Amino acid sequence: MSCPVYHGAPELNPGLLPIDWLLGAWESDEPGEGSFPSIEPFRYTETLHFSHVGQPIIIFMFNAFEAESKMPLHQECGFIRMQPGTNRVAFIIAQNSGLMEIEEGELTGKQLSLKTDSLARISFAKTPKVKQISREFQLRSDGRLEQTVSMETDNQPLKQHLHVIYRRPS
Ligand code: HEM
């Protein structure tokens with residue numbers, strides 16, 4: 001599934017060249033590993049889609065599923081922007097859990113390191129409240145993509161929640 005916003009074949013905006021390695025589809029290679037001190041460890045699969053419409057902006061959709069039952073669990077979608085002429089990157093993210101976040105950080109080589117700049121939540125989102133999220137994407141030398149997500153909640157300090165490695169779909 002791609003983001004159905006534009007049906008042409010737009011040329012890549014040069015502003016996206018530093019992060020063009022994200023574009024296209026990815027799927028978890030082995031199931032991802034979920035953990036946090038207050039929950040049971042879990043395994044999940046995930047697909048990622050990164051597309052563009054010719055603007056210097058990446059549009060993305062992430063869909064995560066419970067590994068065994070394949071039930072949909074978590075979804076995130078949003079936009080990625082780079083500050084022109086710099087290595088500054090911003091992710092604008094909406095999550096199905098009722099969280100909206102802006103993560104900002106830097107691109108170093110083929111690694112993106114981000115943390116929340118602001119976080120908002122719907123009034124009836126599940127507790128605990130997420131206070132901070134930090135996230136890394138890295139394109140590995142074997143061509144696979146790795147994502148690690150950590151979070152702080154109002155009753156746990158910053159700890160890893162997710163680790164997953166993706167490959168290009170065959
Ligand atoms: C940045 C993204 C995410 C955030 C901020 C987030 C946040 C949270 C929070 C706050 C909890 C409750 C922790 C507690 O009870 O102390 C949780 C639990 C959980 N998360 Fe995530 N999560 C994210 C992504 C994901 C993804 C991609 C999956 C993949 C399937 C996932 C699966 C789960 C599961 C299975 C639980 C335990 C059951 C539950 O509380 O619903 N989460 N997550």
# chains A, B, ... in the order shown; residues from 1 in each chain; ligands from 1

$ select_by_dssp --residues "chain A" --states "helix (DSSP H, G or I)" --output "PyMOL selection string"
chain A and resi 14-22

$ write_last_selection --atoms "C-alpha atoms" --output "mmCIF file, in the first residue's frame"
data_model
loop_
_atom_site.group_PDB
_atom_site.id
_atom_site.type_symbol
_atom_site.label_atom_id
_atom_site.label_comp_id
_atom_site.auth_asym_id
_atom_site.auth_seq_id
_atom_site.Cartn_x
_atom_site.Cartn_y
_atom_site.Cartn_z
ATOM 1 C CA PRO A 14 16.697 17.720 -4.536
ATOM 2 C CA GLY A 15 15.942 18.678 -0.927
ATOM 3 C CA LEU A 16 15.180 15.005 -0.265
ATOM 4 C CA LEU A 17 18.444 13.610 -1.643
ATOM 5 C CA PRO A 18 20.072 13.259 1.825
ATOM 6 C CA ILE A 19 17.225 10.984 2.988
ATOM 7 C CA ASP A 20 16.145 9.377 -0.305
ATOM 8 C CA TRP A 21 17.327 6.009 1.081
ATOM 9 C CA LEU A 22 14.117 5.898 3.146
#

$ residues_near_ligand --ligand "ligand 1" --cutoff "7 Å" --atoms "only C-alpha atoms and all ligand atoms" --output "list in words"
Gly34, Phe36, Ser38, Ile39, Glu40, Phe42, Tyr44, Ala64, Phe65, Glu66, Leu73, His74, Gln75, Thr127, Pro128, Lys129, Val130, Ile133, Val149, Met151, Thr153, His161 and Leu162 of chain A

$ atom_distance --atom1 "CA of Pro72 in chain A" --atom2 "CA of Arg144 in chain A"
23.3 Å

$ atom_distance --atom1 "CA of Arg167 in chain A" --atom2 "CA of Lys70 in chain A"
18.4 Å

$ atom_distance --atom1 "CA of Leu114 in chain A" --atom2 "CA of Phe137 in chain A"
8.7 Å

$ select_by_dssp --residues "range 108-167 of chain A" --states "strand (DSSP E)" --output "ChimeraX atom specification"
/A:108,111-121,130-139,145-153,156-167

$ write_last_selection --atoms "N, CA and C atoms" --output "compact mmCIF listing (two decimals), in the first residue's frame"
# COMPACT_ATOMS: atom_id res chain seq x y z
N THR A 108 22.97 12.05 10.39
CA THR A 108 24.43 11.86 10.37
C THR A 108 24.70 10.66 9.48
N GLN A 111 22.02 7.86 9.28
CA GLN A 111 21.36 7.66 10.57
C GLN A 111 20.59 8.90 10.97
N LEU A 112 19.33 8.69 11.37
CA LEU A 112 18.49 9.78 11.86
C LEU A 112 18.29 9.60 13.34
N SER A 113 18.63 10.61 14.14
CA SER A 113 18.44 10.55 15.60
C SER A 113 17.47 11.66 15.97
N LEU A 114 16.35 11.26 16.56
CA LEU A 114 15.27 12.21 16.80
C LEU A 114 14.78 12.13 18.23
N LYS A 115 14.25 13.25 18.73
CA LYS A 115 13.48 13.16 19.98
C LYS A 115 12.35 14.18 19.96
N THR A 116 11.37 13.95 20.82
CA THR A 116 10.18 14.79 20.76
C THR A 116 10.51 16.23 21.13
N ASP A 117 9.97 17.11 20.30
CA ASP A 117 10.05 18.54 20.56
C ASP A 117 8.72 18.97 21.18
N SER A 118 7.62 18.35 20.72
CA SER A 118 6.34 18.57 21.38
C SER A 118 5.45 17.35 21.21
N LEU A 119 4.55 17.19 22.17
CA LEU A 119 3.67 16.02 22.23
C LEU A 119 2.29 16.49 22.64
N ALA A 120 1.26 15.99 21.94
CA ALA A 120 -0.11 16.31 22.36
C ALA A 120 -0.89 15.00 22.35
N ARG A 121 -1.94 14.92 23.11
CA ARG A 121 -2.73 13.68 23.17
C ARG A 121 -4.21 14.02 23.28
N VAL A 130 2.57 9.52 27.82
CA VAL A 130 3.92 9.52 27.28
C VAL A 130 4.49 10.92 27.44
N LYS A 131 5.69 11.00 28.01
CA LYS A 131 6.31 12.31 28.27
C LYS A 131 7.38 12.65 27.24
N GLN A 132 8.02 11.61 26.69
CA GLN A 132 9.10 11.85 25.73
C GLN A 132 9.29 10.60 24.87
N ILE A 133 9.67 10.81 23.61
CA ILE A 133 9.96 9.70 22.70
C ILE A 133 11.30 10.01 22.04
N SER A 134 12.16 9.01 21.95
CA SER A 134 13.34 9.21 21.13
C SER A 134 13.44 8.02 20.18
N ARG A 135 13.99 8.31 19.01
CA ARG A 135 13.90 7.31 17.95
C ARG A 135 15.11 7.41 17.04
N GLU A 136 15.58 6.25 16.58
CA GLU A 136 16.69 6.24 15.61
C GLU A 136 16.33 5.36 14.44
N PHE A 137 16.64 5.86 13.25
CA PHE A 137 16.59 5.05 12.03
C PHE A 137 18.01 4.96 11.51
N GLN A 138 18.41 3.78 11.10
CA GLN A 138 19.74 3.65 10.51
C GLN A 138 19.69 2.71 9.32
N LEU A 139 20.22 3.19 8.19
CA LEU A 139 20.39 2.30 7.05
C LEU A 139 21.69 1.55 7.27
N LEU A 145 17.15 -1.69 7.14
CA LEU A 145 16.85 -0.46 7.90
C LEU A 145 16.52 -0.87 9.34
N GLU A 146 17.07 -0.15 10.29
CA GLU A 146 16.86 -0.49 11.70
C GLU A 146 16.16 0.67 12.39
N GLN A 147 15.16 0.37 13.20
CA GLN A 147 14.51 1.43 13.99
C GLN A 147 14.53 1.04 15.48
N THR A 148 14.89 1.99 16.32
CA THR A 148 14.82 1.80 17.77
C THR A 148 14.02 2.96 18.34
N VAL A 149 13.04 2.64 19.18
CA VAL A 149 12.21 3.69 19.80
C VAL A 149 12.27 3.54 21.31
N SER A 150 12.54 4.62 22.01
CA SER A 150 12.49 4.63 23.48
C SER A 150 11.44 5.64 23.91
N MET A 151 10.89 5.43 25.09
CA MET A 151 9.91 6.41 25.59
C MET A 151 10.02 6.57 27.09
N GLU A 152 9.56 7.74 27.54
CA GLU A 152 9.43 8.02 28.97
C GLU A 152 7.94 8.22 29.21
N THR A 153 7.41 7.62 30.28
CA THR A 153 6.01 7.87 30.62
C THR A 153 5.96 8.55 31.99
N GLN A 156 7.51 5.84 34.25
CA GLN A 156 8.76 5.12 33.94
C GLN A 156 9.73 6.09 33.27
N PRO A 157 11.03 5.98 33.60
CA PRO A 157 12.02 6.82 32.92
C PRO A 157 12.22 6.35 31.47
N LEU A 158 13.01 7.10 30.72
CA LEU A 158 13.25 6.78 29.31
C LEU A 158 13.86 5.38 29.18
N LYS A 159 13.14 4.50 28.46
CA LYS A 159 13.59 3.11 28.27
C LYS A 159 13.18 2.67 26.88
N GLN A 160 13.90 1.69 26.36
CA GLN A 160 13.56 1.19 25.01
C GLN A 160 12.18 0.54 25.00
N HIS A 161 11.37 0.85 23.96
CA HIS A 161 10.06 0.22 23.77
C HIS A 161 10.07 -0.70 22.54
N LEU A 162 10.82 -0.31 21.50
CA LEU A 162 10.76 -1.06 20.24
C LEU A 162 12.14 -1.19 19.61
N HIS A 163 12.36 -2.37 19.02
CA HIS A 163 13.55 -2.52 18.17
C HIS A 163 13.17 -3.43 17.01
N VAL A 164 13.46 -2.98 15.79
CA VAL A 164 13.03 -3.76 14.63
C VAL A 164 13.96 -3.48 13.44
N ILE A 165 14.18 -4.52 12.64
CA ILE A 165 15.00 -4.39 11.43
C ILE A 165 14.11 -4.73 10.23
N TYR A 166 14.17 -3.89 9.22
CA TYR A 166 13.32 -4.04 8.02
C TYR A 166 14.17 -4.38 6.81
N ARG A 167 13.53 -5.08 5.85
CA ARG A 167 14.16 -5.30 4.55
C ARG A 167 13.20 -4.82 3.48

$ residues_around --residues "Ile59 in chain A" --least-positions-apart "6" --cutoff "7 Å" --atoms "only C-alpha atoms" --output "PyMOL selection string"
chain A and resi 50-52+78-80

$ residues_around --residues "Leu48 in chain A" --least-positions-apart "5" --cutoff "7 Å" --atoms "only C-alpha atoms" --output "VMD selection string"
chain A and resid 25 to 27 61 to 63

$ write_last_selection --atoms "C-alpha atoms" --output "PDB file, in the first residue's frame"
ATOM      1  CA  ALA A  25       8.404   0.144   1.080  1.00  0.00           C
ATOM      2  CA  TRP A  26       9.987  -1.789   3.940  1.00  0.00           C
ATOM      3  CA  GLU A  27       8.801  -4.757   5.973  1.00  0.00           C
ATOM      4  CA  MET A  61       2.628   5.435   6.912  1.00  0.00           C
ATOM      5  CA  PHE A  62       3.702   2.735   9.400  1.00  0.00           C
ATOM      6  CA  ASN A  63       1.434  -0.264  10.140  1.00  0.00           C
TER       7      ASN A  63
END
